[in-house]
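Coordinates from my_file.csv are shown below (CSV, C-alpha atoms and all ligand atoms).
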```
chain,number,residue,atom,x,y,z
A,1,MET,CA,-48.6,-60.3,-47.9
A,2,LYS,CA,-45.6,-61.4,-50.0
A,3,GLY,CA,-42.3,-59.6,-50.1
A,4,PHE,CA,-38.8,-60.0,-51.5
A,5,ALA,CA,-36.4,-59.6,-48.6
A,6,MET,CA,-32.9,-59.6,-47.3
A,7,LEU,CA,-33.0,-62.6,-45.0
A,8,LYS,CA,-29.6,-61.8,-43.7
A,9,ILE,CA,-26.3,-60.4,-45.1
A,10,ASN,CA,-25.6,-62.3,-48.4
A,11,GLU,CA,-29.0,-64.0,-48.5
A,12,VAL,CA,-32.3,-62.9,-50.2
A,13,GLY,CA,-35.6,-64.6,-50.6
A,14,TRP,CA,-39.4,-64.4,-50.7
A,15,ILE,CA,-41.2,-64.0,-47.3
A,16,GLU,CA,-44.7,-63.6,-45.9
A,17,LYS,CA,-45.3,-60.6,-43.7
A,18,GLU,CA,-48.3,-58.7,-42.2
A,19,LYS,CA,-49.6,-55.9,-44.4
A,20,PRO,CA,-48.3,-52.6,-43.1
A,21,LYS,CA,-50.6,-50.4,-41.0
A,22,CYS,CA,-51.6,-46.9,-42.1
A,23,GLY,CA,-50.9,-44.1,-39.5
A,24,PRO,CA,-52.9,-40.8,-39.7
A,25,LYS,CA,-50.3,-39.1,-42.0
A,26,ASP,CA,-49.4,-42.3,-44.0
A,27,ALA,CA,-50.5,-44.0,-47.2
A,28,ILE,CA,-50.5,-47.7,-48.0
A,29,VAL,CA,-49.5,-48.1,-51.6
A,30,ARG,CA,-49.5,-51.1,-54.0
A,31,PRO,CA,-46.5,-51.1,-56.4
A,32,LEU,CA,-47.1,-50.8,-60.2
A,33,ALA,CA,-43.5,-50.6,-61.2
A,34,VAL,CA,-40.3,-51.1,-59.2
A,35,SER,CA,-36.6,-51.1,-59.9
A,36,PRO,CA,-33.8,-52.8,-58.0
A,37,CYS,CA,-30.8,-50.5,-57.2
A,38,THR,CA,-27.1,-50.7,-56.7
A,39,SER,CA,-27.9,-49.6,-53.1
A,40,ASP,CA,-29.9,-52.8,-52.6
A,41,VAL,CA,-26.8,-54.7,-53.7
A,42,HIS,CA,-24.7,-52.8,-51.2
A,43,THR,CA,-27.3,-53.5,-48.5
A,44,VAL,CA,-27.4,-57.2,-49.0
A,45,TYR,CA,-24.0,-58.2,-50.3
A,46,GLU,CA,-21.8,-55.7,-48.6
A,47,GLY,CA,-23.6,-55.3,-45.3
A,48,ALA,CA,-23.7,-51.5,-46.0
A,49,ILE,CA,-26.3,-50.8,-43.3
A,50,GLY,CA,-25.3,-53.6,-41.0
A,51,GLU,CA,-27.1,-56.9,-40.4
A,52,ARG,CA,-30.9,-57.0,-41.1
A,53,THR,CA,-33.2,-60.0,-40.9
A,54,ASN,CA,-36.3,-60.3,-43.1
A,55,LEU,CA,-36.1,-56.7,-44.2
A,56,ILE,CA,-38.1,-56.2,-47.4
A,57,LEU,CA,-35.9,-54.6,-50.0
A,58,GLY,CA,-36.4,-51.9,-52.6
A,59,HIS,CA,-36.9,-48.1,-52.5
A,60,GLU,CA,-37.7,-47.2,-56.1
A,61,ALA,CA,-41.4,-47.4,-56.9
A,62,VAL,CA,-44.5,-46.0,-58.6
A,63,GLY,CA,-47.7,-47.3,-57.2
A,64,GLN,CA,-51.4,-47.0,-56.7
A,65,VAL,CA,-52.8,-45.7,-53.4
A,66,GLU,CA,-54.7,-48.3,-51.5
A,67,GLU,CA,-55.5,-46.5,-48.3
A,68,VAL,CA,-54.7,-43.1,-46.7
A,69,GLY,CA,-54.6,-41.9,-43.1
A,70,SER,CA,-57.2,-39.6,-41.5
A,71,LEU,CA,-54.9,-36.5,-41.8
A,72,VAL,CA,-53.9,-37.0,-45.5
A,73,LYS,CA,-55.5,-34.2,-47.5
A,74,ASP,CA,-54.2,-34.4,-51.1
A,75,PHE,CA,-54.4,-38.1,-52.0
A,76,LYS,CA,-57.1,-40.8,-52.1
A,77,PRO,CA,-57.3,-44.5,-52.9
A,78,GLY,CA,-56.8,-45.2,-56.6
A,79,ASP,CA,-54.4,-42.3,-57.2
A,80,LYS,CA,-51.3,-43.3,-59.1
A,81,VAL,CA,-48.2,-41.9,-57.4
A,82,ILE,CA,-44.5,-41.6,-57.6
A,83,ILE,CA,-42.7,-42.3,-54.4
A,84,PRO,CA,-39.1,-41.0,-53.8
A,85,ALA,CA,-36.5,-43.3,-52.3
A,86,ILE,CA,-36.0,-40.8,-49.6
A,87,THR,CA,-39.1,-40.0,-47.6
A,88,PRO,CA,-38.3,-37.3,-44.9
A,89,ASP,CA,-40.2,-36.4,-41.9
A,90,TRP,CA,-41.1,-32.9,-42.9
A,91,ASP,CA,-41.6,-31.5,-39.4
A,92,ALA,CA,-38.1,-32.5,-38.2
A,93,VAL,CA,-35.6,-29.8,-37.3
A,94,GLU,CA,-33.2,-31.0,-39.9
A,95,SER,CA,-35.9,-30.5,-42.6
A,96,GLN,CA,-36.4,-27.0,-41.2
A,97,MET,CA,-32.7,-26.4,-41.7
A,98,GLY,CA,-32.8,-27.4,-45.4
A,99,PHE,CA,-31.5,-31.0,-45.0
A,100,SER,CA,-34.6,-33.1,-45.0
A,101,GLN,CA,-32.5,-36.1,-46.1
A,102,HIS,CA,-31.2,-36.2,-42.5
A,103,SER,CA,-34.6,-35.7,-40.8
A,104,GLY,CA,-34.2,-37.4,-37.4
A,105,GLY,CA,-30.4,-37.9,-37.7
A,106,MET,CA,-27.7,-38.6,-40.3
A,107,LEU,CA,-29.2,-40.2,-43.5
A,108,CYS,CA,-32.5,-40.9,-41.5
A,109,GLY,CA,-34.7,-39.6,-44.4
A,110,TRP,CA,-33.7,-42.9,-46.1
A,111,LYS,CA,-36.3,-45.3,-44.6
A,112,PHE,CA,-37.4,-47.8,-47.2
A,113,SER,CA,-35.3,-51.0,-47.0
A,114,ASN,CA,-33.3,-49.4,-44.3
A,115,SER,CA,-35.2,-48.5,-41.1
A,116,LYS,CA,-38.5,-50.0,-42.4
A,117,ASP,CA,-39.7,-52.5,-45.1
A,118,GLY,CA,-39.1,-51.4,-48.7
A,119,VAL,CA,-41.3,-51.4,-51.8
A,120,PHE,CA,-40.7,-55.0,-53.1
A,121,ALA,CA,-43.9,-56.1,-51.5
A,122,GLU,CA,-47.6,-56.4,-52.3
A,123,PHE,CA,-48.1,-53.3,-50.2
A,124,PHE,CA,-45.8,-50.7,-48.6
A,125,ASN,CA,-46.2,-47.8,-46.2
A,126,VAL,CA,-45.3,-44.2,-47.2
A,127,ASN,CA,-44.8,-41.9,-44.2
A,128,ASP,CA,-45.9,-38.2,-44.4
A,129,ALA,CA,-47.8,-39.0,-47.6
A,130,ASP,CA,-48.8,-35.4,-48.4
A,131,GLY,CA,-45.2,-34.4,-48.2
A,132,ASN,CA,-43.6,-37.3,-50.0
A,133,MET,CA,-45.8,-38.6,-52.8
A,134,ALA,CA,-46.5,-36.9,-56.2
A,135,LEU,CA,-49.2,-37.7,-58.7
A,136,LEU,CA,-48.1,-39.5,-61.8
A,137,PRO,CA,-48.6,-37.3,-64.9
A,138,ASP,CA,-51.1,-38.9,-67.4
A,139,ASN,CA,-48.6,-39.1,-70.3
A,140,VAL,CA,-45.7,-40.7,-68.4
A,141,SER,CA,-45.5,-44.5,-68.2
A,142,VAL,CA,-45.0,-46.2,-64.8
A,143,GLU,CA,-41.8,-47.8,-66.1
A,144,GLU,CA,-40.2,-44.4,-66.9
A,145,ALA,CA,-41.6,-42.7,-63.8
A,146,VAL,CA,-39.9,-45.2,-61.5
A,147,MET,CA,-36.6,-43.6,-62.6
A,148,LEU,CA,-37.7,-40.5,-60.7
A,149,SER,CA,-37.6,-42.3,-57.4
A,150,ASP,CA,-33.8,-42.4,-57.2
A,151,MET,CA,-31.8,-42.3,-60.4
A,152,VAL,CA,-32.9,-38.9,-61.7
A,153,PRO,CA,-32.9,-37.1,-58.3
A,154,THR,CA,-29.6,-38.5,-57.3
A,155,GLY,CA,-27.8,-37.7,-60.5
A,156,PHE,CA,-29.4,-34.2,-60.6
A,157,HIS,CA,-28.4,-33.7,-56.9
A,158,GLY,CA,-24.8,-34.2,-58.0
A,159,ALA,CA,-25.2,-31.5,-60.6
A,160,ASP,CA,-27.1,-29.2,-58.2
A,161,ASN,CA,-24.4,-29.5,-55.5
A,162,ALA,CA,-21.8,-28.9,-58.1
A,163,LYS,CA,-23.7,-25.6,-59.0
A,164,VAL,CA,-23.1,-26.4,-62.7
A,165,ALA,CA,-23.5,-23.2,-64.7
A,166,PHE,CA,-23.8,-22.3,-68.4
A,167,GLY,CA,-20.7,-23.2,-70.5
A,168,GLU,CA,-18.8,-24.8,-67.7
A,169,THR,CA,-16.6,-27.9,-68.1
A,170,VAL,CA,-17.8,-30.8,-66.0
A,171,VAL,CA,-16.3,-34.2,-65.4
A,172,VAL,CA,-18.6,-37.0,-64.3
A,173,ILE,CA,-16.7,-40.0,-62.9
A,174,GLY,CA,-18.7,-43.2,-63.0
A,175,ILE,CA,-21.5,-43.6,-65.6
A,176,GLY,CA,-23.9,-46.2,-64.2
A,177,PRO,CA,-27.5,-45.0,-64.2
A,178,VAL,CA,-26.7,-42.4,-61.4
A,179,GLY,CA,-23.7,-41.0,-63.2
A,180,LEU,CA,-25.7,-40.9,-66.5
A,181,MET,CA,-28.3,-38.8,-64.8
A,182,ALA,CA,-25.5,-36.5,-63.5
A,183,VAL,CA,-24.5,-36.1,-67.1
A,184,ALA,CA,-28.1,-35.3,-68.2
A,185,GLY,CA,-28.6,-32.9,-65.2
A,186,SER,CA,-25.3,-31.1,-66.0
A,187,ASN,CA,-26.4,-30.8,-69.6
A,188,LEU,CA,-29.8,-29.4,-68.7
A,189,LYS,CA,-28.1,-26.9,-66.5
A,190,GLY,CA,-26.1,-25.7,-69.5
A,191,ALA,CA,-22.7,-27.2,-69.1
A,192,GLY,CA,-20.5,-26.6,-72.2
A,193,ARG,CA,-18.1,-29.5,-72.2
A,194,ILE,CA,-18.9,-32.7,-70.3
A,195,TYR,CA,-16.3,-35.5,-69.8
A,196,ALA,CA,-18.0,-38.8,-69.0
A,197,VAL,CA,-15.7,-41.3,-67.4
A,198,GLY,CA,-16.7,-45.0,-67.8
A,199,SER,CA,-15.8,-48.2,-69.6
A,200,ARG,CA,-18.9,-50.1,-70.7
A,201,PRO,CA,-19.8,-49.3,-74.3
A,202,ILE,CA,-23.6,-49.2,-73.5
A,203,CYS,CA,-23.0,-46.6,-70.8
A,204,GLN,CA,-20.6,-44.6,-73.0
A,205,GLU,CA,-23.2,-44.5,-75.8
A,206,ALA,CA,-25.9,-43.4,-73.3
A,207,ALA,CA,-23.6,-40.7,-71.9
A,208,ARG,CA,-23.2,-39.2,-75.4
A,209,LYS,CA,-27.0,-39.2,-75.8
A,210,TYR,CA,-27.4,-37.4,-72.5
A,211,GLY,CA,-24.9,-34.7,-73.6
A,212,ALA,CA,-21.4,-35.9,-72.9
A,213,THR,CA,-19.0,-34.3,-75.4
A,214,ASP,CA,-16.1,-36.6,-74.5
A,215,VAL,CA,-15.9,-40.1,-73.2
A,216,ILE,CA,-12.9,-41.2,-71.1
A,217,ASN,CA,-12.2,-44.9,-70.4
A,218,TYR,CA,-10.6,-45.3,-67.0
A,219,LYS,CA,-9.5,-48.8,-67.9
A,220,GLU,CA,-7.3,-47.3,-70.7
A,221,GLY,CA,-5.0,-45.2,-68.5
A,222,ASP,CA,-4.9,-42.5,-65.9
A,223,ILE,CA,-8.0,-40.3,-66.2
A,224,VAL,CA,-6.2,-37.2,-64.9
A,225,GLN,CA,-3.7,-37.5,-67.7
A,226,GLN,CA,-6.4,-38.3,-70.4
A,227,ILE,CA,-8.6,-35.4,-69.3
A,228,GLN,CA,-5.8,-32.8,-68.9
A,229,GLU,CA,-4.6,-33.7,-72.4
A,230,ALA,CA,-8.0,-33.4,-74.0
A,231,ASN,CA,-8.6,-30.1,-72.0
A,232,ASN,CA,-5.5,-28.4,-73.2
A,233,LYS,CA,-3.9,-28.8,-69.8
A,234,LYS,CA,-6.6,-26.5,-68.3
A,235,PRO,CA,-8.4,-27.5,-65.1
A,236,VAL,CA,-12.1,-28.2,-65.1
A,237,ASP,CA,-14.8,-26.3,-63.3
A,238,LYS,CA,-16.7,-29.1,-61.6
A,239,VAL,CA,-16.2,-32.8,-60.9
A,240,ILE,CA,-19.2,-35.1,-60.0
A,241,ILE,CA,-18.3,-38.4,-58.6
A,242,ALA,CA,-20.8,-41.2,-59.2
A,243,GLY,CA,-18.5,-44.3,-59.1
A,244,GLY,CA,-15.0,-45.3,-58.1
A,245,GLU,CA,-13.1,-45.5,-54.8
A,246,LEU,CA,-11.7,-43.2,-52.2
A,247,GLU,CA,-8.7,-42.5,-54.5
A,248,THR,CA,-11.2,-41.0,-57.0
A,249,PHE,CA,-11.2,-37.8,-54.8
A,250,GLU,CA,-7.5,-37.5,-55.3
A,251,GLN,CA,-8.0,-37.6,-59.1
A,252,ALA,CA,-10.8,-35.1,-58.8
A,253,LEU,CA,-8.6,-32.7,-56.8
A,254,LYS,CA,-5.9,-32.9,-59.5
A,255,LEU,CA,-8.5,-31.9,-62.2
A,256,ILE,CA,-10.4,-29.1,-60.5
A,257,ARG,CA,-9.7,-25.3,-60.8
A,258,PRO,CA,-9.3,-22.9,-57.9
A,259,GLY,CA,-12.8,-22.3,-56.6
A,260,GLY,CA,-14.1,-25.4,-58.2
A,261,ILE,CA,-16.5,-27.9,-56.7
A,262,ILE,CA,-16.2,-31.7,-56.2
A,263,SER,CA,-19.6,-33.1,-55.7
A,264,ASN,CA,-19.9,-36.7,-54.6
A,265,ILE,CA,-23.1,-38.9,-54.8
A,266,ASN,CA,-21.3,-42.2,-54.7
A,267,TYR,CA,-21.7,-44.5,-51.7
A,268,LEU,CA,-18.3,-45.0,-50.1
A,269,GLY,CA,-18.2,-48.6,-49.0
A,270,SER,CA,-14.7,-49.3,-48.0
A,271,GLY,CA,-11.5,-47.6,-46.6
A,272,ASP,CA,-11.4,-45.1,-43.8
A,273,TYR,CA,-10.1,-41.8,-45.0
A,274,ILE,CA,-10.2,-39.6,-48.1
A,275,LYS,CA,-6.8,-38.1,-48.8
A,276,ILE,CA,-6.7,-34.4,-49.6
A,277,SER,CA,-3.4,-33.4,-51.2
A,278,ARG,CA,-2.1,-30.3,-49.6
A,279,LEU,CA,-0.7,-28.9,-52.9
A,280,ASP,CA,-3.7,-29.8,-55.0
A,281,TRP,CA,-6.0,-28.2,-52.4
A,282,GLY,CA,-4.1,-24.9,-52.9
A,283,VAL,CA,-2.1,-25.3,-49.7
A,284,GLY,CA,-5.4,-24.9,-47.9
A,285,MET,CA,-6.3,-21.7,-49.7
A,286,GLY,CA,-7.6,-22.8,-53.1
A,287,HIS,CA,-11.4,-22.2,-52.4
A,288,ILE,CA,-12.0,-25.7,-53.6
A,289,LYS,CA,-15.2,-27.2,-52.1
A,290,ILE,CA,-15.9,-30.9,-51.6
A,291,ILE,CA,-19.5,-31.9,-50.9
A,292,GLY,CA,-21.3,-35.2,-50.7
A,293,GLY,CA,-25.0,-35.6,-50.6
A,294,LEU,CA,-27.9,-38.0,-50.3
A,295,MET,CA,-30.7,-37.3,-52.8
A,296,PRO,CA,-33.5,-35.0,-51.7
A,297,GLY,CA,-36.9,-36.7,-51.4
A,298,GLY,CA,-40.3,-35.1,-51.0
A,299,ARG,CA,-43.3,-34.3,-53.1
A,300,LYS,CA,-42.2,-31.0,-54.6
A,301,ASN,CA,-38.9,-32.4,-56.0
A,302,MET,CA,-40.9,-35.3,-57.5
A,303,GLU,CA,-43.3,-32.9,-59.1
A,304,TYR,CA,-40.5,-30.8,-60.6
A,305,LEU,CA,-38.6,-33.8,-61.9
A,306,SER,CA,-41.8,-35.4,-63.4
A,307,ASN,CA,-42.4,-32.2,-65.3
A,308,LEU,CA,-39.2,-33.0,-67.2
A,309,LEU,CA,-40.7,-36.3,-68.4
A,310,LYS,CA,-44.1,-34.8,-68.9
A,311,TRP,CA,-42.8,-32.1,-71.2
A,312,LYS,CA,-40.2,-34.4,-72.9
A,313,LYS,CA,-37.1,-32.5,-71.7
A,314,LEU,CA,-35.6,-35.7,-70.4
A,315,ASP,CA,-35.7,-39.2,-71.9
A,316,VAL,CA,-35.2,-41.9,-69.2
A,317,SER,CA,-36.1,-44.7,-71.5
A,318,ILE,CA,-32.4,-45.0,-72.5
A,319,LEU,CA,-31.7,-46.3,-69.0
A,320,LEU,CA,-34.3,-49.1,-69.2
A,321,THR,CA,-32.3,-51.8,-70.8
A,322,HIS,CA,-34.2,-54.7,-69.1
A,323,ARG,CA,-38.0,-54.7,-68.8
A,324,TYR,CA,-40.0,-57.4,-67.1
A,325,LYS,CA,-43.6,-58.0,-66.2
A,326,GLY,CA,-44.6,-59.8,-63.0
A,327,PHE,CA,-43.8,-59.5,-59.3
A,328,GLU,CA,-41.6,-62.6,-59.4
A,329,TYR,CA,-39.1,-60.9,-61.7
A,330,ILE,CA,-37.9,-58.7,-58.8
A,331,GLU,CA,-35.5,-61.5,-57.9
A,332,LYS,CA,-34.0,-61.6,-61.4
A,333,GLY,CA,-33.8,-57.8,-61.4
A,334,LEU,CA,-31.7,-57.7,-58.2
A,335,ALA,CA,-29.5,-60.5,-59.5
A,336,LEU,CA,-28.8,-58.4,-62.7
A,337,MET,CA,-27.9,-55.3,-60.6
A,338,LYS,CA,-25.5,-57.5,-58.6
A,339,ASP,CA,-23.9,-59.1,-61.7
A,340,LYS,CA,-23.9,-56.0,-64.0
A,341,PRO,CA,-23.9,-57.8,-67.4
A,342,LYS,CA,-22.4,-55.8,-70.2
A,343,ASP,CA,-25.8,-54.8,-71.7
A,344,LEU,CA,-27.4,-53.6,-68.4
A,345,ILE,CA,-28.0,-50.1,-67.3
A,346,LYS,CA,-31.2,-50.5,-65.3
A,347,PRO,CA,-33.9,-53.2,-65.0
A,348,VAL,CA,-37.5,-52.3,-64.4
A,349,ILE,CA,-40.3,-54.6,-63.3
A,350,THR,CA,-44.0,-53.7,-63.9
A,351,ILE,CA,-46.5,-55.5,-61.7
A,401,LIG,P1,-23.3,-48.5,-60.8
A,401,LIG,O1,-22.5,-49.4,-60.0
A,401,LIG,O2,-24.2,-48.9,-61.9
A,401,LIG,O3,-22.3,-47.3,-61.4
A,401,LIG,C1,-21.0,-47.0,-61.0
A,401,LIG,C2,-20.1,-47.1,-62.1
A,401,LIG,O4,-18.8,-46.7,-61.8
A,401,LIG,C3,-20.0,-48.6,-62.6
A,401,LIG,O5,-20.3,-48.7,-63.9
A,401,LIG,C4,-18.5,-48.9,-62.4
A,401,LIG,O6,-18.0,-49.7,-63.3
A,401,LIG,C5,-17.9,-47.5,-62.5
A,401,LIG,N1,-16.6,-47.3,-61.9
A,401,LIG,C6,-16.0,-48.1,-60.9
A,401,LIG,N2,-14.8,-47.6,-60.7
A,401,LIG,C7,-14.6,-46.5,-61.4
A,401,LIG,C8,-13.5,-45.6,-61.6
A,401,LIG,N3,-12.4,-45.8,-60.9
A,401,LIG,N4,-13.7,-44.6,-62.5
A,401,LIG,C9,-14.8,-44.5,-63.2
A,401,LIG,N5,-15.9,-45.3,-63.0
A,401,LIG,C10,-15.7,-46.3,-62.2
A,401,LIG,O7,-24.1,-47.7,-59.7
A,401,LIG,P2,-25.2,-46.6,-59.8
A,401,LIG,O8,-26.6,-47.2,-59.7
A,401,LIG,O9,-25.0,-45.7,-61.0
A,401,LIG,O10,-25.0,-45.8,-58.5
A,401,LIG,C11,-23.7,-45.1,-58.3
A,401,LIG,C12,-23.5,-44.9,-56.8
A,401,LIG,O11,-24.4,-44.0,-56.3
A,401,LIG,C13,-23.6,-46.2,-56.0
A,401,LIG,O12,-22.6,-46.2,-55.1
A,401,LIG,C14,-24.9,-46.1,-55.3
A,401,LIG,O13,-25.0,-46.8,-54.1
A,401,LIG,C15,-24.9,-44.6,-55.1
A,401,LIG,N6,-26.2,-44.0,-54.8
A,401,LIG,C16,-26.2,-42.9,-54.1
A,401,LIG,C17,-27.4,-42.2,-53.9
A,401,LIG,C18,-27.4,-40.9,-53.2
A,401,LIG,O14,-28.5,-40.4,-52.7
A,401,LIG,N7,-26.3,-40.2,-53.0
A,401,LIG,C19,-28.6,-42.7,-54.4
A,401,LIG,C20,-28.6,-43.9,-55.1
A,401,LIG,C21,-27.4,-44.5,-55.4
A,402,ZN,ZN,-31.9,-46.7,-55.5
```
Just give me the structure as structure tokens.
Ligand code: NAD
Ligand code: ZN
Amino acid sequence: MKGFAMLKINEVGWIEKEKPKCGPKDAIVRPLAVSPCTSDVHTVYEGAIGERTNLILGHEAVGQVEEVGSLVKDFKPGDKVIIPAITPDWDAVESQMGFSQHSGGMLCGWKFSNSKDGVFAEFFNVNDADGNMALLPDNVSVEEAVMLSDMVPTGFHGADNAKVAFGETVVVIGIGPVGLMAVAGSNLKGAGRIYAVGSRPICQEAARKYGATDVINYKEGDIVQQIQEANNKKPVDKVIIAGGELETFEQALKLIRPGGIISNINYLGSGDYIKISRLDWGVGMGHIKIIGGLMPGGRKNMEYLSNLLKWKKLDVSILLTHRYKGFEYIEKGLALMKDKPKDLIKPVITI
């Protein structure tokens, strides 16, 4: 079969590989829609997961089941399914402890385009199919549903970990597609005031549509000063980090109230340590929590999130700025994610 792969760090291309085999609990799926991700860019061009040769890329897909293993109960060939980027082993001890993202070890729930071939192929293997796939609702398009693989669950995980509550003031730093879903998730959880920090007009406009009450441009001055001024010098309840650098944590600490939560979903690709200011952290007694998380995968989460599209509570079409038809456009989609032109939020390719 054909696949679009990382040939080595800094090099991508089309390759031929054997069709994946179906284990007893697995499914083999043919993609109907896929989307390249900033994480694919980190993988190829920043060597984020180390050297890989001929690794098929991609982890965001909606597809049609081609084959199921002998132990799969709830899916059959022909079913249209949503597949999360993170596909845990549900019998692992980490899953039993509530951290299925780390089933088998730190971040090991992330398998596609990491420890096994990804979804940019004619066929791909889904482990633990009953536990990881969800049926596509009839009234949701494959293009929109593919945003449920990673963008929606990651942004919403940021809001979940921040324990956003009714009326709270939330800052979302970084409003690419993930940060935009953190804005939307915070809004759905009932946040009162939402500061969205970003510079590109298309993302700022989308942030407002998703519920941001204020937009702060980090290229126009210190965001701490800008937010403190707008917020009458009062600290904020929660900060969600979906972009930026290690220094972003220092800014978040300056903004947060005692007992507040800083929730990171951003991939930290460079530098060694996050600095925690002694004073901003309440000389060690401020009850301020810092948490970082990989999105939760699994069938139930996909079913819950797809309900939001089915019942029109969330409109992901705003994210889909570039739509293509045809397998060969995967290459263009990844190049767009790498170059981030001004008018891009997220590309989607239907096959
Ligand atoms: P993105 O690159 O489109 O968005 C990040 C945005 O942050 C960009 O628009 C960038 O211009 C902006 N930014 C950079 N520096 C900033 C600063 N100092 N202040 C404010 N904004 C700044 O990426 P994305 O697709 O939205 O993903 C965001 C991050 O989430 C990436 O690092 C990605 O790898 C990561 N990610 C994490 C998970 C997870 O499970 N935790 C899943 C998917 C993606
Ligand atoms: Zn992704």
Tell me, in Å to one decimal, how far CA of His322 in chain A is from CA of Gly293 in chain A.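 Between CA of His322 in chain A and CA of Gly293 in chain A the gap is 28.1 Å.
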Could you name the residues that touch range 317-319 of chain A at 10 Å or less, counting only C-alpha atoms, but leaving out those on the same chain fewer than 4 positions away, as an MDAnalysis selection string? chainID A and resid 141 143:145 147 151 176:178 180:181 202:203 205:207 209:210 344:348
Length of the CA of Val72 in chain A to CA of Gln96 in chain A vector [Å]: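 CA of Val72 in chain A sits 20.6 Å away from CA of Gln96 in chain A.
If you measure from each of A:Ile262, A:Leu136, A:Thr321, A:Lys2 to Lys340 in chain A using only C-alpha atoms, the closest one turns out to be A:Thr321.
Counting only C-alpha atoms and comparing A:Asp79, A:Asp91, A:Asp222, A:Glu331, the residue that lies closest to Ala5 in chain A is A:Glu331.
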Residues at most 10 Å from Ile265 in chain A, counting all atoms listed in the file, excluding those fewer than 4 positions away in the same chain, as a PyMOL selection string? chain A and resi 154-159+161+178-179+182+240-243+291-295
Who sits within 12 Å of Glu122 in chain A, all atoms listed in the file, same chain under 3 positions skipped, as a count of residues only: 33
N, CA and C atoms are what I want for range 194-207 of chain A; can you complete it accordingly and write them as a short mmCIF file (atom, residue, chain, number, x, y, z; two decimals), in the frame of the given file?
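Dumped everything to part.cif:
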```
data_model
loop_
_atom_site.label_atom_id
_atom_site.label_comp_id
_atom_site.auth_asym_id
_atom_site.auth_seq_id
_atom_site.Cartn_x
_atom_site.Cartn_y
_atom_site.Cartn_z
N ILE A 194 -18.66 -31.73 -71.36
CA ILE A 194 -18.90 -32.70 -70.30
C ILE A 194 -18.05 -33.98 -70.63
N TYR A 195 -17.11 -34.26 -69.73
CA TYR A 195 -16.30 -35.50 -69.80
C TYR A 195 -17.03 -36.57 -69.03
N ALA A 196 -17.38 -37.68 -69.67
CA ALA A 196 -18.00 -38.80 -69.00
C ALA A 196 -16.96 -39.91 -68.83
N VAL A 197 -16.69 -40.32 -67.59
CA VAL A 197 -15.70 -41.30 -67.40
C VAL A 197 -16.31 -42.69 -67.08
N GLY A 198 -16.12 -43.64 -68.00
CA GLY A 198 -16.70 -45.00 -67.80
C GLY A 198 -16.15 -45.92 -68.87
N SER A 199 -16.39 -47.21 -68.67
CA SER A 199 -15.80 -48.20 -69.60
C SER A 199 -16.74 -48.97 -70.42
N ARG A 200 -17.97 -49.21 -69.94
CA ARG A 200 -18.90 -50.10 -70.70
C ARG A 200 -19.44 -49.34 -71.91
N PRO A 201 -19.35 -49.94 -73.12
CA PRO A 201 -19.80 -49.30 -74.30
C PRO A 201 -21.28 -48.79 -74.23
N ILE A 202 -22.16 -49.58 -73.60
CA ILE A 202 -23.60 -49.20 -73.50
C ILE A 202 -23.74 -47.90 -72.71
N CYS A 203 -22.92 -47.77 -71.65
CA CYS A 203 -23.00 -46.60 -70.80
C CYS A 203 -22.34 -45.38 -71.52
N GLN A 204 -21.26 -45.66 -72.24
CA GLN A 204 -20.60 -44.60 -73.00
C GLN A 204 -21.54 -44.00 -74.04
N GLU A 205 -22.24 -44.91 -74.73
CA GLU A 205 -23.20 -44.50 -75.80
C GLU A 205 -24.32 -43.65 -75.15
N ALA A 206 -24.83 -44.15 -74.00
CA ALA A 206 -25.90 -43.40 -73.30
C ALA A 206 -25.40 -42.05 -72.87
N ALA A 207 -24.16 -42.00 -72.37
CA ALA A 207 -23.60 -40.70 -71.90
C ALA A 207 -23.59 -39.70 -73.04
#
```
